[in-house]
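Colleague: Pasting structure_27.txt below, which is compact mmCIF, N, CA, C and O atoms.
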```txt
# COMPACT_ATOMS: atom_id res chain seq x y z
N MET A 1 -12.91 -93.10 -6.79
CA MET A 1 -11.46 -93.17 -6.83
C MET A 1 -11.04 -94.58 -6.43
O MET A 1 -11.59 -95.17 -5.53
N ASP A 2 -10.05 -95.10 -7.11
CA ASP A 2 -9.56 -96.44 -6.85
C ASP A 2 -8.29 -96.35 -6.01
O ASP A 2 -7.18 -96.48 -6.51
N ALA A 3 -8.46 -96.08 -4.71
CA ALA A 3 -7.32 -95.89 -3.81
C ALA A 3 -6.63 -97.22 -3.56
O ALA A 3 -7.27 -98.24 -3.38
N LYS A 4 -5.31 -97.18 -3.53
CA LYS A 4 -4.54 -98.41 -3.40
C LYS A 4 -3.64 -98.44 -2.17
O LYS A 4 -3.42 -99.48 -1.61
N ILE A 5 -3.08 -97.32 -1.78
CA ILE A 5 -2.09 -97.32 -0.72
C ILE A 5 -2.67 -96.63 0.51
O ILE A 5 -3.15 -95.51 0.43
N LYS A 6 -2.59 -97.32 1.65
CA LYS A 6 -3.12 -96.79 2.90
C LYS A 6 -1.97 -96.30 3.77
O LYS A 6 -0.96 -96.99 3.92
N TYR A 7 -2.16 -95.12 4.35
CA TYR A 7 -1.20 -94.56 5.29
C TYR A 7 -1.95 -94.27 6.59
O TYR A 7 -3.02 -93.67 6.56
N GLU A 8 -1.38 -94.67 7.71
CA GLU A 8 -1.96 -94.40 9.02
C GLU A 8 -0.95 -93.60 9.83
O GLU A 8 0.25 -93.90 9.79
N PHE A 9 -1.43 -92.60 10.54
CA PHE A 9 -0.53 -91.77 11.33
C PHE A 9 -1.29 -91.04 12.42
O PHE A 9 -2.50 -90.95 12.40
N THR A 10 -0.52 -90.54 13.38
CA THR A 10 -1.05 -89.71 14.46
C THR A 10 -0.69 -88.27 14.13
O THR A 10 0.43 -87.99 13.69
N THR A 11 -1.63 -87.36 14.32
CA THR A 11 -1.42 -85.98 13.89
C THR A 11 -2.19 -85.02 14.78
O THR A 11 -2.89 -85.44 15.70
N LYS A 12 -2.07 -83.75 14.47
CA LYS A 12 -2.85 -82.68 15.10
C LYS A 12 -3.40 -81.79 14.00
O LYS A 12 -2.74 -81.57 12.99
N MET A 13 -4.58 -81.27 14.21
CA MET A 13 -5.15 -80.30 13.29
C MET A 13 -4.67 -78.92 13.69
O MET A 13 -4.52 -78.63 14.88
N TRP A 14 -4.43 -78.05 12.72
CA TRP A 14 -4.00 -76.68 13.00
C TRP A 14 -4.79 -75.72 12.12
O TRP A 14 -5.36 -76.12 11.12
N GLN A 15 -4.85 -74.49 12.53
CA GLN A 15 -5.62 -73.47 11.82
C GLN A 15 -4.68 -72.47 11.17
O GLN A 15 -3.75 -71.98 11.80
N HIS A 16 -4.95 -72.18 9.91
CA HIS A 16 -4.16 -71.20 9.18
C HIS A 16 -4.74 -69.81 9.38
O HIS A 16 -5.95 -69.61 9.23
N GLY A 17 -3.90 -68.87 9.73
CA GLY A 17 -4.35 -67.48 9.83
C GLY A 17 -5.20 -67.22 11.06
O GLY A 17 -5.10 -67.88 12.08
N GLU A 18 -6.04 -66.24 10.92
CA GLU A 18 -6.87 -65.75 12.02
C GLU A 18 -8.08 -66.65 12.24
O GLU A 18 -8.37 -67.52 11.44
N PRO A 19 -8.83 -66.41 13.34
CA PRO A 19 -10.06 -67.18 13.55
C PRO A 19 -10.94 -67.12 12.30
O PRO A 19 -11.06 -66.09 11.66
N GLY A 20 -11.51 -68.26 11.98
CA GLY A 20 -12.31 -68.37 10.76
C GLY A 20 -11.50 -68.87 9.59
O GLY A 20 -12.03 -69.12 8.52
N GLY A 21 -10.17 -69.03 9.79
CA GLY A 21 -9.31 -69.52 8.72
C GLY A 21 -9.46 -71.02 8.52
O GLY A 21 -10.08 -71.72 9.32
N TRP A 22 -8.86 -71.51 7.46
CA TRP A 22 -8.92 -72.93 7.13
C TRP A 22 -8.22 -73.77 8.19
O TRP A 22 -7.26 -73.32 8.81
N HIS A 23 -8.69 -74.99 8.36
CA HIS A 23 -8.08 -75.96 9.26
C HIS A 23 -7.42 -77.05 8.42
O HIS A 23 -7.99 -77.48 7.41
N PHE A 24 -6.23 -77.48 8.85
CA PHE A 24 -5.47 -78.47 8.10
C PHE A 24 -4.86 -79.52 9.01
O PHE A 24 -4.68 -79.30 10.20
N VAL A 25 -4.49 -80.63 8.39
CA VAL A 25 -3.63 -81.65 8.98
C VAL A 25 -2.42 -81.71 8.07
O VAL A 25 -2.55 -81.75 6.85
N SER A 26 -1.23 -81.69 8.66
CA SER A 26 0.01 -81.88 7.91
C SER A 26 0.36 -83.36 7.96
O SER A 26 0.45 -83.94 9.05
N LEU A 27 0.54 -83.97 6.80
CA LEU A 27 0.97 -85.36 6.79
C LEU A 27 2.41 -85.43 7.29
O LEU A 27 3.19 -84.50 7.05
N PRO A 28 2.79 -86.51 7.97
CA PRO A 28 4.18 -86.64 8.39
C PRO A 28 5.12 -86.55 7.19
O PRO A 28 4.80 -87.04 6.10
N LYS A 29 6.25 -85.90 7.39
CA LYS A 29 7.17 -85.67 6.28
C LYS A 29 7.65 -86.96 5.63
O LYS A 29 7.81 -87.01 4.42
N ILE A 30 7.85 -88.00 6.41
CA ILE A 30 8.31 -89.26 5.83
C ILE A 30 7.25 -89.86 4.89
O ILE A 30 7.57 -90.41 3.84
N ILE A 31 5.98 -89.72 5.27
CA ILE A 31 4.89 -90.19 4.40
C ILE A 31 4.79 -89.30 3.17
O ILE A 31 4.64 -89.79 2.05
N SER A 32 4.88 -87.99 3.37
CA SER A 32 4.82 -87.06 2.24
C SER A 32 5.94 -87.34 1.24
O SER A 32 5.73 -87.30 0.03
N LYS A 33 7.13 -87.61 1.76
CA LYS A 33 8.27 -87.90 0.88
C LYS A 33 8.01 -89.15 0.05
O LYS A 33 8.25 -89.16 -1.16
N GLU A 34 7.48 -90.19 0.70
CA GLU A 34 7.17 -91.42 -0.02
C GLU A 34 6.11 -91.19 -1.09
O GLU A 34 6.25 -91.65 -2.23
N ILE A 35 5.06 -90.47 -0.74
CA ILE A 35 4.00 -90.17 -1.71
C ILE A 35 4.56 -89.37 -2.87
O ILE A 35 4.31 -89.67 -4.04
N ARG A 36 5.32 -88.35 -2.57
CA ARG A 36 5.88 -87.45 -3.59
C ARG A 36 6.82 -88.22 -4.53
O ARG A 36 6.79 -88.03 -5.74
N GLU A 37 7.65 -89.09 -3.97
CA GLU A 37 8.61 -89.84 -4.79
C GLU A 37 7.92 -90.87 -5.69
O GLU A 37 8.36 -91.10 -6.81
N ASN A 38 6.86 -91.49 -5.19
CA ASN A 38 6.24 -92.60 -5.93
C ASN A 38 4.95 -92.26 -6.66
O ASN A 38 4.59 -92.96 -7.61
N LEU A 39 4.24 -91.23 -6.21
CA LEU A 39 2.91 -90.97 -6.77
C LEU A 39 2.73 -89.56 -7.31
O LEU A 39 1.61 -89.16 -7.64
N LYS A 40 3.82 -88.79 -7.41
CA LYS A 40 3.70 -87.41 -7.89
C LYS A 40 2.99 -87.33 -9.23
O LYS A 40 2.30 -86.36 -9.53
N TRP A 41 3.14 -88.35 -10.05
CA TRP A 41 2.50 -88.37 -11.37
C TRP A 41 0.97 -88.26 -11.28
O TRP A 41 0.31 -87.90 -12.24
N GLN A 42 0.41 -88.54 -10.10
CA GLN A 42 -1.04 -88.44 -9.92
C GLN A 42 -1.49 -87.02 -9.56
O GLN A 42 -2.69 -86.75 -9.52
N GLU A 43 -0.54 -86.14 -9.28
CA GLU A 43 -0.90 -84.77 -8.88
C GLU A 43 -1.56 -84.03 -10.03
O GLU A 43 -1.20 -84.20 -11.19
N GLU A 44 -2.52 -83.20 -9.66
CA GLU A 44 -3.17 -82.32 -10.61
C GLU A 44 -2.61 -80.92 -10.36
O GLU A 44 -1.54 -80.79 -9.78
N GLY A 45 -3.31 -79.87 -10.75
CA GLY A 45 -2.83 -78.51 -10.56
C GLY A 45 -2.52 -78.18 -9.11
O GLY A 45 -3.18 -78.67 -8.20
N TRP A 46 -1.49 -77.37 -8.89
CA TRP A 46 -1.06 -76.90 -7.57
C TRP A 46 -0.70 -78.03 -6.62
O TRP A 46 -0.84 -77.89 -5.40
N GLY A 47 -0.25 -79.17 -7.12
CA GLY A 47 0.17 -80.26 -6.26
C GLY A 47 -0.97 -81.02 -5.61
O GLY A 47 -0.78 -81.72 -4.63
N ARG A 48 -2.18 -80.90 -6.17
CA ARG A 48 -3.37 -81.56 -5.61
C ARG A 48 -3.40 -83.02 -6.00
O ARG A 48 -3.13 -83.37 -7.15
N MET A 49 -3.73 -83.88 -5.03
CA MET A 49 -3.86 -85.31 -5.28
C MET A 49 -5.11 -85.83 -4.58
O MET A 49 -5.32 -85.57 -3.40
N LYS A 50 -5.93 -86.56 -5.32
CA LYS A 50 -7.15 -87.13 -4.74
C LYS A 50 -6.79 -88.14 -3.68
O LYS A 50 -5.79 -88.86 -3.78
N ALA A 51 -7.63 -88.20 -2.64
CA ALA A 51 -7.40 -89.12 -1.53
C ALA A 51 -8.72 -89.44 -0.85
O ALA A 51 -9.74 -88.79 -1.08
N ILE A 52 -8.69 -90.44 -0.01
CA ILE A 52 -9.79 -90.77 0.89
C ILE A 52 -9.22 -90.64 2.29
O ILE A 52 -8.11 -91.13 2.56
N ALA A 53 -9.93 -89.97 3.17
CA ALA A 53 -9.46 -89.78 4.54
C ALA A 53 -10.43 -90.45 5.50
O ALA A 53 -11.62 -90.58 5.22
N LYS A 54 -9.90 -90.86 6.67
CA LYS A 54 -10.74 -91.47 7.69
C LYS A 54 -10.23 -91.07 9.07
O LYS A 54 -9.04 -91.18 9.36
N ILE A 55 -11.16 -90.57 9.88
CA ILE A 55 -10.90 -90.27 11.29
C ILE A 55 -11.99 -90.99 12.07
O ILE A 55 -13.18 -90.74 11.86
N GLY A 56 -11.58 -91.89 12.94
CA GLY A 56 -12.56 -92.68 13.68
C GLY A 56 -13.40 -93.49 12.69
O GLY A 56 -12.86 -94.17 11.83
N ASP A 57 -14.72 -93.38 12.79
CA ASP A 57 -15.62 -94.10 11.88
C ASP A 57 -16.03 -93.25 10.68
O ASP A 57 -16.79 -93.71 9.83
N LEU A 58 -15.56 -92.01 10.61
CA LEU A 58 -15.95 -91.09 9.54
C LEU A 58 -14.94 -91.14 8.40
O LEU A 58 -13.76 -90.88 8.59
N GLN A 59 -15.43 -91.47 7.22
CA GLN A 59 -14.58 -91.57 6.03
C GLN A 59 -15.17 -90.68 4.94
O GLN A 59 -16.38 -90.63 4.77
N TRP A 60 -14.30 -89.98 4.16
CA TRP A 60 -14.78 -89.08 3.11
C TRP A 60 -13.77 -88.95 1.99
O TRP A 60 -12.58 -89.15 2.18
N ASP A 61 -14.28 -88.61 0.79
CA ASP A 61 -13.43 -88.31 -0.36
C ASP A 61 -12.91 -86.90 -0.21
O ASP A 61 -13.66 -85.99 0.14
N THR A 62 -11.63 -86.70 -0.51
CA THR A 62 -11.01 -85.40 -0.34
C THR A 62 -9.79 -85.31 -1.25
O THR A 62 -9.69 -86.04 -2.23
N ALA A 63 -8.89 -84.42 -0.93
CA ALA A 63 -7.64 -84.28 -1.66
C ALA A 63 -6.59 -83.74 -0.70
O ALA A 63 -6.91 -83.12 0.31
N ILE A 64 -5.33 -84.01 -1.03
CA ILE A 64 -4.21 -83.43 -0.31
C ILE A 64 -3.47 -82.52 -1.27
O ILE A 64 -3.56 -82.69 -2.49
N TRP A 65 -2.79 -81.51 -0.74
CA TRP A 65 -2.02 -80.56 -1.54
C TRP A 65 -0.60 -80.54 -1.03
O TRP A 65 -0.38 -80.49 0.20
N PHE A 66 0.38 -80.50 -1.94
CA PHE A 66 1.76 -80.42 -1.50
C PHE A 66 2.12 -78.95 -1.26
O PHE A 66 1.93 -78.10 -2.12
N ASP A 67 2.62 -78.68 -0.06
CA ASP A 67 3.05 -77.33 0.31
C ASP A 67 4.58 -77.29 0.25
O ASP A 67 5.24 -77.94 1.06
N THR A 68 5.12 -76.55 -0.70
CA THR A 68 6.57 -76.50 -0.87
C THR A 68 7.27 -75.80 0.29
O THR A 68 8.42 -76.13 0.60
N LYS A 69 6.61 -74.86 0.93
CA LYS A 69 7.23 -74.16 2.06
C LYS A 69 7.38 -75.09 3.27
O LYS A 69 8.37 -75.04 3.99
N MET A 70 6.36 -75.92 3.50
CA MET A 70 6.39 -76.84 4.64
C MET A 70 7.00 -78.19 4.26
O MET A 70 7.24 -79.03 5.13
N ASP A 71 7.17 -78.43 2.96
CA ASP A 71 7.74 -79.67 2.43
C ASP A 71 6.93 -80.89 2.88
O ASP A 71 7.47 -81.92 3.26
N THR A 72 5.61 -80.75 2.82
CA THR A 72 4.71 -81.84 3.19
C THR A 72 3.36 -81.64 2.51
O THR A 72 3.05 -80.57 2.03
N TYR A 73 2.57 -82.70 2.50
CA TYR A 73 1.20 -82.59 2.01
C TYR A 73 0.30 -82.09 3.12
O TYR A 73 0.49 -82.42 4.30
N LEU A 74 -0.69 -81.29 2.74
CA LEU A 74 -1.68 -80.77 3.67
C LEU A 74 -3.05 -81.33 3.30
O LEU A 74 -3.39 -81.45 2.13
N LEU A 75 -3.82 -81.65 4.33
CA LEU A 75 -5.18 -82.14 4.16
C LEU A 75 -6.12 -81.14 4.81
O LEU A 75 -6.08 -80.95 6.03
N PRO A 76 -6.94 -80.42 4.02
CA PRO A 76 -7.89 -79.50 4.63
C PRO A 76 -9.01 -80.27 5.33
O PRO A 76 -9.45 -81.31 4.85
N ILE A 77 -9.44 -79.76 6.48
CA ILE A 77 -10.51 -80.40 7.24
C ILE A 77 -11.70 -79.44 7.29
O ILE A 77 -11.64 -78.40 7.94
N LYS A 78 -12.76 -79.79 6.57
CA LYS A 78 -13.96 -78.94 6.52
C LYS A 78 -14.66 -78.88 7.86
O LYS A 78 -14.53 -79.78 8.68
N ALA A 79 -15.43 -77.82 8.05
CA ALA A 79 -16.17 -77.63 9.30
C ALA A 79 -17.06 -78.83 9.61
O ALA A 79 -17.14 -79.27 10.76
N GLU A 80 -17.73 -79.37 8.62
CA GLU A 80 -18.61 -80.52 8.82
C GLU A 80 -17.83 -81.71 9.39
O GLU A 80 -18.29 -82.37 10.33
N ILE A 81 -16.66 -81.95 8.86
CA ILE A 81 -15.82 -83.05 9.34
C ILE A 81 -15.34 -82.78 10.77
O ILE A 81 -15.36 -83.67 11.62
N ARG A 82 -14.93 -81.55 11.03
CA ARG A 82 -14.48 -81.18 12.39
C ARG A 82 -15.59 -81.39 13.41
O ARG A 82 -15.35 -81.94 14.49
N LYS A 83 -16.80 -80.98 13.06
CA LYS A 83 -17.93 -81.12 13.98
C LYS A 83 -18.30 -82.58 14.19
O LYS A 83 -18.47 -83.02 15.33
N ARG A 84 -18.41 -83.33 13.10
CA ARG A 84 -18.82 -84.74 13.21
C ARG A 84 -17.76 -85.58 13.92
O ARG A 84 -18.11 -86.54 14.60
N SER A 85 -16.49 -85.21 13.78
CA SER A 85 -15.40 -85.96 14.43
C SER A 85 -15.03 -85.38 15.79
O SER A 85 -14.17 -85.93 16.48
N LYS A 86 -15.66 -84.25 16.14
CA LYS A 86 -15.36 -83.56 17.40
C LYS A 86 -13.87 -83.22 17.53
O LYS A 86 -13.27 -83.39 18.58
N LEU A 87 -13.30 -82.75 16.41
CA LEU A 87 -11.88 -82.40 16.40
C LEU A 87 -11.65 -81.00 16.96
O LEU A 87 -12.47 -80.11 16.75
N GLU A 88 -10.54 -80.85 17.63
CA GLU A 88 -10.12 -79.56 18.14
C GLU A 88 -8.68 -79.33 17.70
O GLU A 88 -7.89 -80.27 17.62
N ALA A 89 -8.34 -78.07 17.42
CA ALA A 89 -6.97 -77.74 17.03
C ALA A 89 -6.00 -78.13 18.13
O ALA A 89 -6.33 -78.04 19.33
N ASP A 90 -4.84 -78.57 17.73
CA ASP A 90 -3.74 -78.93 18.63
C ASP A 90 -4.01 -80.14 19.53
O ASP A 90 -3.29 -80.36 20.49
N LYS A 91 -5.03 -80.92 19.23
CA LYS A 91 -5.29 -82.17 19.96
C LYS A 91 -4.88 -83.34 19.06
O LYS A 91 -5.23 -83.39 17.88
N THR A 92 -4.14 -84.27 19.61
CA THR A 92 -3.62 -85.41 18.86
C THR A 92 -4.73 -86.44 18.59
O THR A 92 -5.55 -86.70 19.46
N PHE A 93 -4.72 -86.99 17.36
CA PHE A 93 -5.67 -88.05 16.99
C PHE A 93 -5.04 -88.91 15.91
O PHE A 93 -4.07 -88.52 15.25
N ASP A 94 -5.61 -90.10 15.73
CA ASP A 94 -5.16 -91.03 14.69
C ASP A 94 -6.04 -90.88 13.46
O ASP A 94 -7.25 -90.64 13.59
N MET A 95 -5.44 -91.04 12.31
CA MET A 95 -6.22 -91.00 11.07
C MET A 95 -5.56 -91.85 10.00
O MET A 95 -4.42 -92.28 10.17
N SER A 96 -6.29 -92.08 8.93
CA SER A 96 -5.80 -92.83 7.78
C SER A 96 -6.13 -92.07 6.52
O SER A 96 -7.13 -91.35 6.45
N ILE A 97 -5.28 -92.26 5.51
CA ILE A 97 -5.61 -91.78 4.16
C ILE A 97 -5.24 -92.87 3.17
O ILE A 97 -4.36 -93.69 3.43
N TRP A 98 -5.97 -92.89 2.07
CA TRP A 98 -5.67 -93.79 0.96
C TRP A 98 -5.39 -92.95 -0.26
O TRP A 98 -6.12 -92.00 -0.55
N ILE A 99 -4.34 -93.30 -0.98
CA ILE A 99 -3.96 -92.61 -2.22
C ILE A 99 -4.11 -93.59 -3.37
O ILE A 99 -3.66 -94.72 -3.28
```
Do you think you could lay out the structure here as structure tokens?

Modeller:
Amino acid sequence: MDAKIKYEFTTKMWQHGEPGGWHFVSLPKIISKEIRENLKWQEEGWGRMKAIAKIGDLQWDTAIWFDTKMDTYLLPIKAEIRKRSKLEADKTFDMSIWI
């Protein structure tokens, strides 16, 4: 992917549903609004957009999805990423994404 725009923000990871459910990061609404207004044309099915994410020294190819109910993009965080980054739900951390 030829990512061009970098966004940096402080966030918290949260878990959807019951234990064992998916873990996500919600992008800040101001960033989501900017992405949606300028880059929506890059979205694929269900509001999916390719991205590169980075937490600490760990960087990976991923995607963000636009959630119309929350009016923001969501970034799923796989178990492997959570373990390698030592992430915990509801703990604040810094991260970057490139679109």

Colleague: With DSSP run on the backbone, what are the helix (DSSP H, G or I) residues within chain A? I'd like them as a ChimeraX atom specification.

Modeller: /A:29-42,45-47,79-85

Colleague: Would you list the contacts of region 32-46 of chain A as a PyMOL selection string, taking every protein, DNA or RNA residue within 7 Å and counting only C-alpha atoms, but skipping same-chain residues closer than 3 positions in sequence?

Modeller: chain A and resi 27-29+49+72-73

Colleague: Please list as a list in words every residue within 7 Å of Glu8 (chain A), counting only N, CA, C and O atoms and excluding residues in the same chain fewer than 4 positions away.

Modeller: Asp94, Met95, Ser96 and Ile97 of chain A

Colleague: For a quick check of understanding, using only C-alpha atoms, which of A:Ile52, A:Ile5, A:Ile30, A:Leu58 has the smallest distance to Arg82 (chain A)?

Modeller: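 Closest candidate: A:Leu58.
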
Colleague: Can you work out the spacing between CA of Gln59 (chain A) and CA of Gly20 (chain A) in Å, to one decimal?

Modeller: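 Interatomic distance, CA of Gln59 (chain A) to CA of Gly20 (chain A): 23.8 Å.
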
Colleague: When you draw a straight line from CA of Gly17 (chain A) to CA of Pro76 (chain A), how long is it in Å?

Modeller: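 A separation of 13.6 Å between them.
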
Colleague: What are the centre and edge lengths in Å, to one decimal, of the axis-aligned box around all listed atoms of region 59-67 of chain A with 5 Å added on each side, as lines of an AutoDock Vina configuration file?

Modeller:
```
center_x = -5.6
center_y = -84.4
center_z = 2.4
size_x = 31.6
size_y = 24.3
size_z = 19.7
```

Colleague: Select from region 38-97 of chain A everything DSSP, run on the backbone, classes as strand (DSSP E or B), then give the selection as an mmCIF file with N, CA, C and O atoms, keeping the file's coordinate frame.

Modeller:
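Okay, this is what ended up in out.cif:
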```cif
data_model
loop_
_atom_site.group_PDB
_atom_site.id
_atom_site.type_symbol
_atom_site.label_atom_id
_atom_site.label_comp_id
_atom_site.auth_asym_id
_atom_site.auth_seq_id
_atom_site.Cartn_x
_atom_site.Cartn_y
_atom_site.Cartn_z
ATOM 1 N N ARG A 48 -2.180 -80.900 -6.170
ATOM 2 C CA ARG A 48 -3.370 -81.560 -5.610
ATOM 3 C C ARG A 48 -3.400 -83.020 -6.000
ATOM 4 O O ARG A 48 -3.130 -83.370 -7.150
ATOM 5 N N MET A 49 -3.730 -83.880 -5.030
ATOM 6 C CA MET A 49 -3.860 -85.310 -5.280
ATOM 7 C C MET A 49 -5.110 -85.830 -4.580
ATOM 8 O O MET A 49 -5.320 -85.570 -3.400
ATOM 9 N N LYS A 50 -5.930 -86.560 -5.320
ATOM 10 C CA LYS A 50 -7.150 -87.130 -4.740
ATOM 11 C C LYS A 50 -6.790 -88.140 -3.680
ATOM 12 O O LYS A 50 -5.790 -88.860 -3.780
ATOM 13 N N ALA A 51 -7.630 -88.200 -2.640
ATOM 14 C CA ALA A 51 -7.400 -89.120 -1.530
ATOM 15 C C ALA A 51 -8.720 -89.440 -0.850
ATOM 16 O O ALA A 51 -9.740 -88.790 -1.080
ATOM 17 N N ILE A 52 -8.690 -90.440 -0.010
ATOM 18 C CA ILE A 52 -9.790 -90.770 0.890
ATOM 19 C C ILE A 52 -9.220 -90.640 2.290
ATOM 20 O O ILE A 52 -8.110 -91.130 2.560
ATOM 21 N N ALA A 53 -9.930 -89.970 3.170
ATOM 22 C CA ALA A 53 -9.460 -89.780 4.540
ATOM 23 C C ALA A 53 -10.430 -90.450 5.500
ATOM 24 O O ALA A 53 -11.620 -90.580 5.220
ATOM 25 N N LYS A 54 -9.900 -90.860 6.670
ATOM 26 C CA LYS A 54 -10.740 -91.470 7.690
ATOM 27 C C LYS A 54 -10.230 -91.070 9.070
ATOM 28 O O LYS A 54 -9.040 -91.180 9.360
ATOM 29 N N ILE A 55 -11.160 -90.570 9.880
ATOM 30 C CA ILE A 55 -10.900 -90.270 11.290
ATOM 31 C C ILE A 55 -11.990 -90.990 12.070
ATOM 32 O O ILE A 55 -13.180 -90.740 11.860
ATOM 33 N N LEU A 58 -15.560 -92.010 10.610
ATOM 34 C CA LEU A 58 -15.950 -91.090 9.540
ATOM 35 C C LEU A 58 -14.940 -91.140 8.400
ATOM 36 O O LEU A 58 -13.760 -90.880 8.590
ATOM 37 N N GLN A 59 -15.430 -91.470 7.220
ATOM 38 C CA GLN A 59 -14.580 -91.570 6.030
ATOM 39 C C GLN A 59 -15.170 -90.680 4.940
ATOM 40 O O GLN A 59 -16.380 -90.630 4.770
ATOM 41 N N TRP A 60 -14.300 -89.980 4.160
ATOM 42 C CA TRP A 60 -14.780 -89.080 3.110
ATOM 43 C C TRP A 60 -13.770 -88.950 1.990
ATOM 44 O O TRP A 60 -12.580 -89.150 2.180
ATOM 45 N N ASP A 61 -14.280 -88.610 0.790
ATOM 46 C CA ASP A 61 -13.430 -88.310 -0.360
ATOM 47 C C ASP A 61 -12.910 -86.900 -0.210
ATOM 48 O O ASP A 61 -13.660 -85.990 0.140
ATOM 49 N N THR A 62 -11.630 -86.700 -0.510
ATOM 50 C CA THR A 62 -11.010 -85.400 -0.340
ATOM 51 C C THR A 62 -9.790 -85.310 -1.250
ATOM 52 O O THR A 62 -9.690 -86.040 -2.230
ATOM 53 N N ALA A 63 -8.890 -84.420 -0.930
ATOM 54 C CA ALA A 63 -7.640 -84.280 -1.660
ATOM 55 C C ALA A 63 -6.590 -83.740 -0.700
ATOM 56 O O ALA A 63 -6.910 -83.120 0.310
ATOM 57 N N ILE A 64 -5.330 -84.010 -1.030
ATOM 58 C CA ILE A 64 -4.210 -83.430 -0.310
ATOM 59 C C ILE A 64 -3.470 -82.520 -1.270
ATOM 60 O O ILE A 64 -3.560 -82.690 -2.490
ATOM 61 N N TRP A 65 -2.790 -81.510 -0.740
ATOM 62 C CA TRP A 65 -2.020 -80.560 -1.540
ATOM 63 C C TRP A 65 -0.600 -80.540 -1.030
ATOM 64 O O TRP A 65 -0.380 -80.490 0.200
ATOM 65 N N PHE A 66 0.380 -80.500 -1.940
ATOM 66 C CA PHE A 66 1.760 -80.420 -1.500
ATOM 67 C C PHE A 66 2.120 -78.950 -1.260
ATOM 68 O O PHE A 66 1.930 -78.100 -2.120
ATOM 69 N N ASP A 67 2.620 -78.680 -0.060
ATOM 70 C CA ASP A 67 3.050 -77.330 0.310
ATOM 71 C C ASP A 67 4.580 -77.290 0.250
ATOM 72 O O ASP A 67 5.240 -77.940 1.060
ATOM 73 N N THR A 72 5.610 -80.750 2.820
ATOM 74 C CA THR A 72 4.710 -81.840 3.190
ATOM 75 C C THR A 72 3.360 -81.640 2.510
ATOM 76 O O THR A 72 3.050 -80.570 2.030
ATOM 77 N N TYR A 73 2.570 -82.700 2.500
ATOM 78 C CA TYR A 73 1.200 -82.590 2.010
ATOM 79 C C TYR A 73 0.300 -82.090 3.120
ATOM 80 O O TYR A 73 0.490 -82.420 4.300
ATOM 81 N N LEU A 74 -0.690 -81.290 2.740
ATOM 82 C CA LEU A 74 -1.680 -80.770 3.670
ATOM 83 C C LEU A 74 -3.050 -81.330 3.300
ATOM 84 O O LEU A 74 -3.390 -81.450 2.130
ATOM 85 N N LEU A 75 -3.820 -81.650 4.330
ATOM 86 C CA LEU A 75 -5.180 -82.140 4.160
ATOM 87 C C LEU A 75 -6.120 -81.140 4.810
ATOM 88 O O LEU A 75 -6.080 -80.950 6.030
ATOM 89 N N PRO A 76 -6.940 -80.420 4.020
ATOM 90 C CA PRO A 76 -7.890 -79.500 4.630
ATOM 91 C C PRO A 76 -9.010 -80.270 5.330
ATOM 92 O O PRO A 76 -9.450 -81.310 4.850
ATOM 93 N N THR A 92 -4.140 -84.270 19.610
ATOM 94 C CA THR A 92 -3.620 -85.410 18.860
ATOM 95 C C THR A 92 -4.730 -86.440 18.590
ATOM 96 O O THR A 92 -5.550 -86.700 19.460
ATOM 97 N N PHE A 93 -4.720 -86.990 17.360
ATOM 98 C CA PHE A 93 -5.670 -88.050 16.990
ATOM 99 C C PHE A 93 -5.040 -88.910 15.910
ATOM 100 O O PHE A 93 -4.070 -88.520 15.250
ATOM 101 N N ASP A 94 -5.610 -90.100 15.730
ATOM 102 C CA ASP A 94 -5.160 -91.030 14.690
ATOM 103 C C ASP A 94 -6.040 -90.880 13.460
ATOM 104 O O ASP A 94 -7.250 -90.640 13.590
ATOM 105 N N MET A 95 -5.440 -91.040 12.310
ATOM 106 C CA MET A 95 -6.220 -91.000 11.070
ATOM 107 C C MET A 95 -5.560 -91.850 10.000
ATOM 108 O O MET A 95 -4.420 -92.280 10.170
ATOM 109 N N SER A 96 -6.290 -92.080 8.930
ATOM 110 C CA SER A 96 -5.800 -92.830 7.780
ATOM 111 C C SER A 96 -6.130 -92.070 6.520
ATOM 112 O O SER A 96 -7.130 -91.350 6.450
ATOM 113 N N ILE A 97 -5.280 -92.260 5.510
ATOM 114 C CA ILE A 97 -5.610 -91.780 4.160
ATOM 115 C C ILE A 97 -5.240 -92.870 3.170
ATOM 116 O O ILE A 97 -4.360 -93.690 3.430
#
```

Colleague: Please indicate the distance in Å from atom N of Lys86 (chain A) to atom N of Glu18 (chain A), rounded to one decimal place.

Modeller: 21.1 Å

Colleague: Identify which of the residues A:His23, A:Lys4, A:Arg84, A:Arg48 lies closest to Phe66 (chain A), counting only N, CA, C and O atoms when measuring atom-to-atom distances.

Modeller: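 Comparing A:His23, A:Lys4, A:Arg84, A:Arg48 against Phe66 (chain A), the winner is A:Arg48.
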
Colleague: List every protein, DNA or RNA residue that has an atom no more than 6 Å from (-3.3, -82.6, 8.8) in the file's coordinate frame, counting only C-alpha atoms, and report them as number ranges by chain.

Modeller: A: 13, 24-27, 74-75
